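What follows is a short report on a single structure.
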Amino acid sequence: MPVDLKTKTIPLPALRFAADLELGRNGDGAKTVPVKLRARSTQPVDHWFFGRIVHDLAGMSLGKSRLAIDYCHRDDEVIGYASKFETAGGLVASGALTHFEEKDRASEVIFKSGEGVPYEASIFFDPAEMVLEYVPEGMSVPVNGFSFEGPGVVARPWTLRGLAVCPCGQAKHPAVGLRAGPSP
């Protein structure tokens, strides 16, 4: 059952949603490796805090034109950036993982994903720059080109603030994971 959003404070972990991640290769010795995050689908997900929720991709804005990618939503573990964002068919963010030492976190993620570790991605959106529209049971609203049937909530507008690479994404959402292969 969804939480009454009018009277509850939204906990920080509730603002993180799992996503799919692809990691490319730039060759030996390269300081950056291409990354593509299928950050949010157009469809609703069942979330532990919000209940059934969908993000209106037409209502999304970016905190900055280039967003940091960190490890497990830790500000002290930045491992790359996303600089290209597409919303046709779902939110896809592209950029690069960047490493500066042989054994830093980015190097670890790049190496382990190449060995088959199925990393996922997660998004973080700003609670201060978000409007949640509650859709009661028996009602529907248009969002992302389809009719969203209540009960549930639609995030519109909302601001994407960050992206993360994690062993497991934050929301119950199937993810393909991180795959090493050709540059995205």
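Chain lettering (A, B, ...) mirrors the order of the structure tokens, residue numbering begins at 1 for each chain separately, and ligand numbering begins at 1 in order of display.
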
Enumerate, in order of chain and increasing residue number, the residues of segment 140-159 of chain A with an atom no farther than 12 Å from segment 82-100 of chain A, each with its shortest atom pair and distance in Å to one decimal, counting only C-alpha atoms, as JSON lines.
```
{"residue": "A:Val143", "atom": "CA", "partner": "A:Gly90", "partner_atom": "CA", "distance": 11.9}
{"residue": "A:Asn144", "atom": "CA", "partner": "A:Gly89", "partner_atom": "CA", "distance": 8.4}
{"residue": "A:Gly145", "atom": "CA", "partner": "A:Gly89", "partner_atom": "CA", "distance": 9.5}
{"residue": "A:Phe146", "atom": "CA", "partner": "A:Gly89", "partner_atom": "CA", "distance": 11.6}
```

For the selection just defined, write its residues with C-alpha atoms to a file, as a PDB file, in the first residue's frame.
```
ATOM      1  CA  VAL A 143       2.239   9.877 -19.004  1.00  0.00           C
ATOM      2  CA  ASN A 144       5.074   8.823 -21.339  1.00  0.00           C
ATOM      3  CA  GLY A 145       2.646   8.055 -24.162  1.00  0.00           C
ATOM      4  CA  PHE A 146       0.393   5.679 -22.237  1.00  0.00           C
TER       5      PHE A 146
END
```

Residues of segment 29-77 of chain A within 9 Å of segment 115-138 of chain A: nearest atom pair and distance (Å, one decimal) for each, counting only C-alpha atoms, sorted by chain and number, as a Markdown table?
```
| residue | atom | partner | partner_atom | distance |
| --- | --- | --- | --- | --- |
| A:Leu37 | CA | A:Ala121 | CA | 6.7 |
| A:Arg38 | CA | A:Ala121 | CA | 8.2 |
| A:Ala39 | CA | A:Ile123 | CA | 6.4 |
| A:Arg40 | CA | A:Ile123 | CA | 7.9 |
| A:Gly63 | CA | A:Asp126 | CA | 8.5 |
| A:Cys72 | CA | A:Ser122 | CA | 8.1 |
| A:His73 | CA | A:Phe124 | CA | 8.0 |
```

Residues just named, written with all heavy atoms as a tab-separated table (two decimals), in the first residue's frame:
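And here's selection30.tsv as it stands now:
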```
chain	number	residue	atom	x	y	z
A	37	LEU	N	23.84	4.06	-19.38
A	37	LEU	CA	22.90	3.67	-18.36
A	37	LEU	C	21.49	3.79	-18.91
A	37	LEU	O	21.08	4.88	-19.34
A	37	LEU	CB	23.03	4.57	-17.13
A	37	LEU	CG	24.37	4.57	-16.44
A	37	LEU	CD1	25.25	5.68	-16.97
A	37	LEU	CD2	24.18	4.73	-14.96
A	38	ARG	N	20.78	2.70	-18.96
A	38	ARG	CA	19.36	2.76	-19.28
A	38	ARG	C	18.69	3.11	-17.95
A	38	ARG	O	18.24	2.23	-17.23
A	38	ARG	CB	18.89	1.44	-19.85
A	38	ARG	CG	19.37	1.21	-21.27
A	38	ARG	CD	19.09	-0.19	-21.76
A	38	ARG	NE	19.49	-0.52	-23.09
A	38	ARG	CZ	20.67	-0.32	-23.66
A	38	ARG	NH1	21.62	0.29	-23.01
A	38	ARG	NH2	20.93	-0.69	-24.89
A	39	ALA	N	18.68	4.40	-17.66
A	39	ALA	CA	18.46	4.89	-16.31
A	39	ALA	C	17.02	4.79	-15.81
A	39	ALA	O	16.81	4.63	-14.61
A	39	ALA	CB	18.94	6.35	-16.21
A	40	ARG	N	16.03	4.91	-16.68
A	40	ARG	CA	14.64	4.81	-16.23
A	40	ARG	C	13.78	4.48	-17.42
A	40	ARG	O	13.87	5.10	-18.47
A	40	ARG	CB	14.21	6.15	-15.60
A	40	ARG	CG	12.85	6.14	-14.94
A	40	ARG	CD	12.83	5.24	-13.71
A	40	ARG	NE	11.57	5.32	-13.01
A	40	ARG	CZ	10.52	4.52	-13.26
A	40	ARG	NH1	10.60	3.57	-14.17
A	40	ARG	NH2	9.41	4.66	-12.59
A	63	GLY	N	20.12	18.41	-13.12
A	63	GLY	CA	20.75	19.27	-12.13
A	63	GLY	C	21.87	20.08	-12.75
A	63	GLY	O	22.10	21.24	-12.41
A	72	CYS	N	27.77	3.42	-5.57
A	72	CYS	CA	26.78	3.17	-4.51
A	72	CYS	C	26.26	4.46	-3.87
A	72	CYS	O	26.04	4.50	-2.65
A	72	CYS	CB	27.35	2.23	-3.45
A	72	CYS	SG	27.65	0.58	-4.07
A	73	HIS	N	26.06	5.50	-4.66
A	73	HIS	CA	25.53	6.79	-4.18
A	73	HIS	C	26.41	7.40	-3.10
A	73	HIS	O	25.94	8.06	-2.19
A	73	HIS	CB	24.09	6.65	-3.68
A	73	HIS	CG	23.13	6.32	-4.78
A	73	HIS	ND1	22.75	7.25	-5.73
A	73	HIS	CD2	22.48	5.17	-5.10
A	73	HIS	CE1	21.91	6.68	-6.58
A	73	HIS	NE2	21.74	5.42	-6.22
```

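Across the structure, atom CA of Tyr81 of chain A and atom CA of Asp104 of chain A are spaced 15.6 Å apart.
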
Got a sec to tell me which of segment 21-157 of chain A DSSP assigns to strand (DSSP E or B), as a ChimeraX atom specification? /A:21-23,32-40,45-47,51-55,60-62,67-71,74-86,91-98,120-125,132-135,140-143,146-149,152-155

What is the distance, in Å and to one decimal place, between atom CA of Val78 of chain A and atom CA of Gln43 of chain A?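 Calculated distance between atom CA of Val78 of chain A and atom CA of Gln43 of chain A is 28.8 Å.
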
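Pairwise distance (atom CA of Arg156 of chain A, atom CA of Val45 of chain A) equals 15.3 Å.
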